[in-house]
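One structure below.
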Amino acid sequence: MSIKPKKHLLMKNNLELILNRMIPGDSRMPCFTKAVKIEPIIKKLNNDKFLLFLKRKQINLNKKNWDNCIKILENEVLEAYFTSNLVIRALNARKKFLLRNVKKENMTKLLKKVKYKKKIFRK
Amino acid sequence: MKREKTDILIIGTGASGAASAWNLSKLDLKITCLEQGSFVNKKKYSFNNVNREIYKFKDFNIDPNQRRFDADYPINTENSPISIANYNAIGGSTLIYSGHYPRFHPSDFNTKKIDNIGSNWLFNYYDLEKYYNLNDKMVGVSGLTGDPAYPKINNLLPPLDIGYSGNLLAKAFNKLSWHWWPSYSAVKKSNKFKKGIRPTAVEIYLNKAVKNGVVIKPNSRVLKIKTSSKNIAKGVIYIDQNNKKIFLEASIILLAANGIGTPRILFNSSNKKFPNGLANSSGQLGKNLMLHPLGYVEGHFNKFLATNEGAEGCALYSHEFYETKKKRGFKRGYTIQLLKSPGPIESFHYLKKFNKIKFGKFFLKDLFNYFGCTIPLAIICEDLPDKNNYVELDHKNKDSSGMPGIKVNYKLSKNTKKMLSHGIKQCKKLFKKTGAKNIIAFGPVRNTGWHLVGTAKMGTSKKNSVVNKFGQCHDVSNLFIVDSSIFPSSSGVNIASTVQAVSLMISDHIKKNLTELINK
């Protein structure tokens with residue numbers, strides 16, 4: 001579908017708005033458009049009706065429209081976001097931060113704490 | 001029909017077919033493997049592929065009825081609380097298995113003798129030990145020697161990290177004085193690949209077999225095994241990748257198509273002499289299906305424990321309840337396995353099912369309340385043989401070649417139900433010792449029919465069984481079954497290690513008796 005530049009920009013902005021509303025990010029995780037380039041998503045969207053919706057100057061994200069957006073974008077959003085390098089790095093940094101004070105005991109020491117008196121298998 | 005010729009034909013290239021292919025490849029004979037699936041790029045199924053979580057829902061969906069690839073065949077599980085999981089490709093289901101690699105217990109080979117239930121094998125753990133050791137060496141199994149649940153197992157690679165969740169659980173096991181041990185895994189530690197390297201049947205056996213001259217034909221589906229009037233298998237009719245029917249003549253045929261695929265081929269090969277399925281004069285073909293019913297218990301914690309990381313299949317396990325104890329009210333037992341929790345995408349789908357997550361302002365908060373904060377435990381129950389649990393051809397649903405699919409008729413026995421509920425109760429007790437905030441439990445889990453056992457069982461005569469102790473069909477002497485269909489009992493552990501050890505043992509027997517077999 002060929003779209004004029006102005007309309008394309010409008011569509012892109014609207015899509016960005018929706019995607020960032022879906023995953024707005026937090027103090028440790030980026031919002032969607034910070035992590036993922038959206039041009040490939042636009043290319044993948046093959047739904048004429050949805051593209052028309054995105055070309056509106058003021059999109060109305062009432063419950064019905066919002067649910068429809070999620071239905072169309074859900075899988076794409078999840079896959080693109082959680083496989084983006086930035087998100088993978090953010091998840092690792094989050095893990096390091098949250099586990100900074102959690103200590104692991106040595107496995108061999110833990111095993112020694114159980115005194116097995118006899119073999120527990122039967123022949 | 002075009003005709004081809006080979007000395008030894010192997011049907012299926014999964015765990016068992018691959019092991020036999022390699023073992024026999026040292027012979028100076030023409031060996032051909034037919035596989036209904038195609039070759040899959042290693043990068044795609046690697047643990048370290050960033051898209052692996054996505055593939056689990058698509059190309060590597062474990063349910064053939066959802067994948068519906070040309071290589072798949074329909075498996076009707078309307079009459080079963082457990083659906084079948086498999087993968088049809090070169091390397092078979094090892095492309096998507098977790099790599100948990102325990103052996104059977106010595107008692108698993110003697111359930112009739114010890115517990116007066118099920119059937120005995122015609123060999124024991126110690127007869128198979130040599131092949132377990134060989135297979136472990138080929139695979140590279142991580143673990144720790146000294147496990148009191150087994151006879152001594154040597155030459156293991158260093159055990160995998162049990163992670164934060166393993167640490168927490170190990171302490172709880174210790175408080176209860178229950179057995180636990182770091183898992184046996186077909187996963188090697190690697191600095192380059194943080195999740196470790198999990199070899200499949202392709203890397204362990206098939207690549208080596210091909211180097212030795214074995215020919216593998218992908219996208220080649222066997223329709224029928226043809227026999228002579230003297231009950232000797234002459235060869236097979238298969239459909240090749242160009243959709244052409246070919247007759248492949250062979251002196252020895254090995255069936256390695258798993259506990260569902262093997263009876264399917266034998267049923268479809270029925271003839272005047274064997275109207276109820278080839279090699280089925282006992283009437284046992286397709287019967288005694290065992291599936292390892294699985295219970296699931298999940299502990300939810302207030303803190304992040306990175307439970308989504310660590311060993312893919314099982315970080316540690318317990319055999320505290322593996323052997324029969326009269327007071328429990330059921331015979332035989334189960335394994336408790338510590339699994340890893342799902343990644344972010346799978347976590348989302350799980351939460352969505354229970355309406356616990358929505359896109360928007362609280363999306364990440366809701367996700368991170370679950371992701372990495374839950375410890376999943378699996379209870380793998382030993383299933384007992386029952387002639388009323390069986391598979392049959394499903395003529396209503398056919399595969400892409402027009403061959404009938406398969407129908408599974410299966411019910412949980414009273415013994416299994418008691419075992420499941422005992423397992424769930426014990427896991428809850430364990431989680432209470434860890435300080436879990438919430439515990440949820442259910443079972444049997446539907447989509448867990450990985451381990452397909454018992455449908456062409458071994459026995460002493462053609463009156464009571466399909467094959468002898470060497471997987472040789474009583475009715476057709478040059479036809480061997482090398483997969484888990486011949487197991488008379490299921491054990492309470494993952495079967496991959498035993499499947500491959502048995503396959504190596506049978507192929508060794510074929511090597512030793514080659515002249516006699518070929519001359520038939």
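A note on labels: chains of the structure tokens are A, B, ... as shown, every chain counts residues from 1, and ligands are counted from 1 in their shown order.
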For chain A against chain B, with a cut-off of 8 Å and counting only C-alpha atoms, what is the closest atom pair and its distance in Å to one decimal for every residue that makes the cut, ordered by chain and number, as JSON lines?
{"residue": "A:Arg21", "atom": "CA", "partner": "B:Gly360", "partner_atom": "CA", "distance": 5.4}
{"residue": "A:Met22", "atom": "CA", "partner": "B:Gly360", "partner_atom": "CA", "distance": 4.4}
{"residue": "A:Ile23", "atom": "CA", "partner": "B:Gly360", "partner_atom": "CA", "distance": 5.9}
{"residue": "A:Pro24", "atom": "CA", "partner": "B:Lys361", "partner_atom": "CA", "distance": 6.4}
{"residue": "A:Gly25", "atom": "CA", "partner": "B:Leu364", "partner_atom": "CA", "distance": 7.1}
{"residue": "A:Asp26", "atom": "CA", "partner": "B:Leu364", "partner_atom": "CA", "distance": 7.5}
{"residue": "A:Ile70", "atom": "CA", "partner": "B:Phe359", "partner_atom": "CA", "distance": 7.8}
{"residue": "A:Leu78", "atom": "CA", "partner": "B:Ile345", "partner_atom": "CA", "distance": 6.3}
{"residue": "A:Glu79", "atom": "CA", "partner": "B:Ile54", "partner_atom": "CA", "distance": 6.7}
{"residue": "A:Phe82", "atom": "CA", "partner": "B:Pro344", "partner_atom": "CA", "distance": 7.1}
{"residue": "A:Thr83", "atom": "CA", "partner": "B:Val50", "partner_atom": "CA", "distance": 6.2}
{"residue": "A:Lys95", "atom": "CA", "partner": "B:Ala306", "partner_atom": "CA", "distance": 6.9}
{"residue": "A:Leu98", "atom": "CA", "partner": "B:Phe304", "partner_atom": "CA", "distance": 6.7}
{"residue": "A:Leu99", "atom": "CA", "partner": "B:Leu305", "partner_atom": "CA", "distance": 7.3}
{"residue": "A:Lys104", "atom": "CA", "partner": "B:Tyr164", "partner_atom": "CA", "distance": 6.3}
{"residue": "A:Glu105", "atom": "CA", "partner": "B:Asn167", "partner_atom": "CA", "distance": 6.6}
{"residue": "A:Met107", "atom": "CA", "partner": "B:Asn167", "partner_atom": "CA", "distance": 7.4}
{"residue": "A:Leu110", "atom": "CA", "partner": "B:Ala170", "partner_atom": "CA", "distance": 6.9}
{"residue": "A:Leu111", "atom": "CA", "partner": "B:Trp181", "partner_atom": "CA", "distance": 7.6}
{"residue": "A:Lys113", "atom": "CA", "partner": "B:Asn174", "partner_atom": "CA", "distance": 6.8}
{"residue": "A:Val114", "atom": "CA", "partner": "B:Asn174", "partner_atom": "CA", "distance": 5.8}
{"residue": "A:Tyr116", "atom": "CA", "partner": "B:Pro148", "partner_atom": "CA", "distance": 7.2}
{"residue": "A:Lys118", "atom": "CA", "partner": "B:Pro148", "partner_atom": "CA", "distance": 7.1}
{"residue": "A:Lys119", "atom": "CA", "partner": "B:Pro148", "partner_atom": "CA", "distance": 4.6}
{"residue": "A:Ile120", "atom": "CA", "partner": "B:Ala149", "partner_atom": "CA", "distance": 5.1}
{"residue": "A:Phe121", "atom": "CA", "partner": "B:Ala149", "partner_atom": "CA", "distance": 5.1}
{"residue": "A:Arg122", "atom": "CA", "partner": "B:Ser107", "partner_atom": "CA", "distance": 5.6}
{"residue": "A:Lys123", "atom": "CA", "partner": "B:Pro106", "partner_atom": "CA", "distance": 5.1}
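Summary of the local environment: counting only C-alpha atoms, residues at most 10 Å from Val214 (chain B), other than itself and those fewer than 4 positions away along its chain, are Ile8, Leu9, Ala21, Trp22, Leu24, Ser25, Lys26, Leu29, Lys30, Ile31, Thr32, Cys33, Leu206, Asn207, Lys208, Ala209 and Val210 of chain B.
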Write the residues of the preceding selection, restricted to N, CA and C atoms, as a PDB file, in the first residue's frame.
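The resulting file, selection-v6.pdb, is shown below:
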ATOM      1  N   ILE B   8      20.795 -52.577   5.553  1.00  0.00           N
ATOM      2  CA  ILE B   8      20.043 -52.342   6.798  1.00  0.00           C
ATOM      3  C   ILE B   8      19.237 -51.054   6.640  1.00  0.00           C
ATOM      4  N   LEU B   9      17.980 -51.136   6.994  1.00  0.00           N
ATOM      5  CA  LEU B   9      17.114 -49.961   6.909  1.00  0.00           C
ATOM      6  C   LEU B   9      16.682 -49.572   8.318  1.00  0.00           C
ATOM      7  N   ALA B  21      21.891 -46.257  14.247  1.00  0.00           N
ATOM      8  CA  ALA B  21      22.551 -45.900  12.978  1.00  0.00           C
ATOM      9  C   ALA B  21      24.050 -45.757  13.190  1.00  0.00           C
ATOM     10  N   TRP B  22      24.424 -45.074  14.264  1.00  0.00           N
ATOM     11  CA  TRP B  22      25.852 -44.889  14.540  1.00  0.00           C
ATOM     12  C   TRP B  22      26.520 -46.222  14.868  1.00  0.00           C
ATOM     13  N   LEU B  24      25.714 -49.243  14.082  1.00  0.00           N
ATOM     14  CA  LEU B  24      25.821 -50.159  12.942  1.00  0.00           C
ATOM     15  C   LEU B  24      26.694 -49.591  11.820  1.00  0.00           C
ATOM     16  N   SER B  25      26.940 -48.282  11.883  1.00  0.00           N
ATOM     17  CA  SER B  25      27.675 -47.644  10.779  1.00  0.00           C
ATOM     18  C   SER B  25      29.112 -48.124  10.680  1.00  0.00           C
ATOM     19  N   LYS B  26      29.580 -48.772  11.759  1.00  0.00           N
ATOM     20  CA  LYS B  26      30.963 -49.267  11.721  1.00  0.00           C
ATOM     21  C   LYS B  26      31.072 -50.525  10.851  1.00  0.00           C
ATOM     22  N   LEU B  29      28.539 -52.204   5.536  1.00  0.00           N
ATOM     23  CA  LEU B  29      27.250 -52.495   4.904  1.00  0.00           C
ATOM     24  C   LEU B  29      26.580 -51.198   4.474  1.00  0.00           C
ATOM     25  N   LYS B  30      25.635 -51.319   3.564  1.00  0.00           N
ATOM     26  CA  LYS B  30      24.896 -50.128   3.158  1.00  0.00           C
ATOM     27  C   LYS B  30      23.738 -49.926   4.148  1.00  0.00           C
ATOM     28  N   ILE B  31      23.756 -48.793   4.815  1.00  0.00           N
ATOM     29  CA  ILE B  31      22.718 -48.492   5.808  1.00  0.00           C
ATOM     30  C   ILE B  31      21.956 -47.242   5.378  1.00  0.00           C
ATOM     31  N   THR B  32      20.646 -47.348   5.386  1.00  0.00           N
ATOM     32  CA  THR B  32      19.806 -46.215   4.994  1.00  0.00           C
ATOM     33  C   THR B  32      18.838 -45.884   6.121  1.00  0.00           C
ATOM     34  N   CYS B  33      18.691 -44.589   6.405  1.00  0.00           N
ATOM     35  CA  CYS B  33      17.691 -44.141   7.391  1.00  0.00           C
ATOM     36  C   CYS B  33      16.607 -43.361   6.656  1.00  0.00           C
ATOM     37  N   LEU B 206      24.034 -38.924  14.626  1.00  0.00           N
ATOM     38  CA  LEU B 206      23.775 -38.951  13.175  1.00  0.00           C
ATOM     39  C   LEU B 206      24.925 -38.392  12.345  1.00  0.00           C
ATOM     40  N   ASN B 207      25.504 -37.275  12.801  1.00  0.00           N
ATOM     41  CA  ASN B 207      26.613 -36.707  12.022  1.00  0.00           C
ATOM     42  C   ASN B 207      27.768 -37.709  11.903  1.00  0.00           C
ATOM     43  N   LYS B 208      28.010 -38.421  12.989  1.00  0.00           N
ATOM     44  CA  LYS B 208      29.093 -39.430  12.981  1.00  0.00           C
ATOM     45  C   LYS B 208      28.714 -40.601  12.073  1.00  0.00           C
ATOM     46  N   ALA B 209      27.442 -40.979  12.120  1.00  0.00           N
ATOM     47  CA  ALA B 209      26.979 -42.091  11.280  1.00  0.00           C
ATOM     48  C   ALA B 209      27.115 -41.728   9.800  1.00  0.00           C
ATOM     49  N   VAL B 210      26.757 -40.496   9.469  1.00  0.00           N
ATOM     50  CA  VAL B 210      26.854 -40.061   8.064  1.00  0.00           C
ATOM     51  C   VAL B 210      28.315 -40.091   7.606  1.00  0.00           C
TER      52      VAL B 210
END
Assign secondary structure with DSSP using the backbone only, and return the residues of region 362-483 of chain B in alpha helix (DSSP H) as a short mmCIF file (atom, residue, chain, number, x, y, z; two decimals) with C-alpha atoms, in the first residue's frame.
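As written to disk, selection_34.cif reads:
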data_model
loop_
_atom_site.label_atom_id
_atom_site.label_comp_id
_atom_site.auth_asym_id
_atom_site.auth_seq_id
_atom_site.Cartn_x
_atom_site.Cartn_y
_atom_site.Cartn_z
CA PHE B 363 1.95 -4.39 32.14
CA LEU B 364 5.54 -4.67 33.41
CA LYS B 365 4.49 -4.63 37.07
CA ASP B 366 2.08 -7.50 36.53
CA LEU B 367 4.63 -9.41 34.48
CA PHE B 368 7.44 -8.97 36.99
CA LYS B 414 -6.48 -45.61 40.33
CA ASN B 415 -2.85 -46.25 41.25
CA THR B 416 -1.69 -43.27 39.17
CA LYS B 417 -4.37 -40.98 40.57
CA LYS B 418 -3.30 -41.83 44.12
CA MET B 419 0.33 -41.32 43.17
CA LEU B 420 -0.40 -37.92 41.59
CA SER B 421 -2.32 -36.69 44.55
CA HIS B 422 0.41 -37.94 46.94
CA GLY B 423 3.03 -36.12 44.86
CA ILE B 424 1.08 -32.87 44.87
CA LYS B 425 0.63 -33.08 48.64
CA GLN B 426 4.36 -33.66 49.21
CA CYS B 427 5.36 -30.80 46.90
CA LYS B 428 3.04 -28.46 48.78
CA LYS B 429 4.68 -29.60 52.01
CA LEU B 430 8.07 -28.85 50.47
CA PHE B 431 7.03 -25.37 49.33
CA LYS B 432 5.72 -24.55 52.78
CA LYS B 433 9.26 -25.11 54.07
CA THR B 434 10.59 -22.60 51.52
#
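Picture a line from CA of Ala496 (chain B) to CA of Tyr101 (chain B); it runs 6.4 Å.
Using only C-alpha atoms, the contacts of Phe267 (chain B) at a cut-off of 9 Å, with sequence neighbours closer than 2 positions omitted, comprise Lys224, Thr262, Pro263, Arg264, Ile265, Ser269, Ser270, Pro275, Asn276, Gly277, Leu278, Asn280, Leu285, Gly286, Glu392 and Leu393 of chain B.
The nearest approach to Asn409 (chain B) among the residues B:Lys188, B:Lys462, B:Lys287, B:Lys244, with only C-alpha atoms taken into account, belongs to B:Lys287.
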Coordinates-based distance that separates CA of Ala256 (chain B) from CA of Glu35 (chain B) (Å, one decimal): 9.9 Å
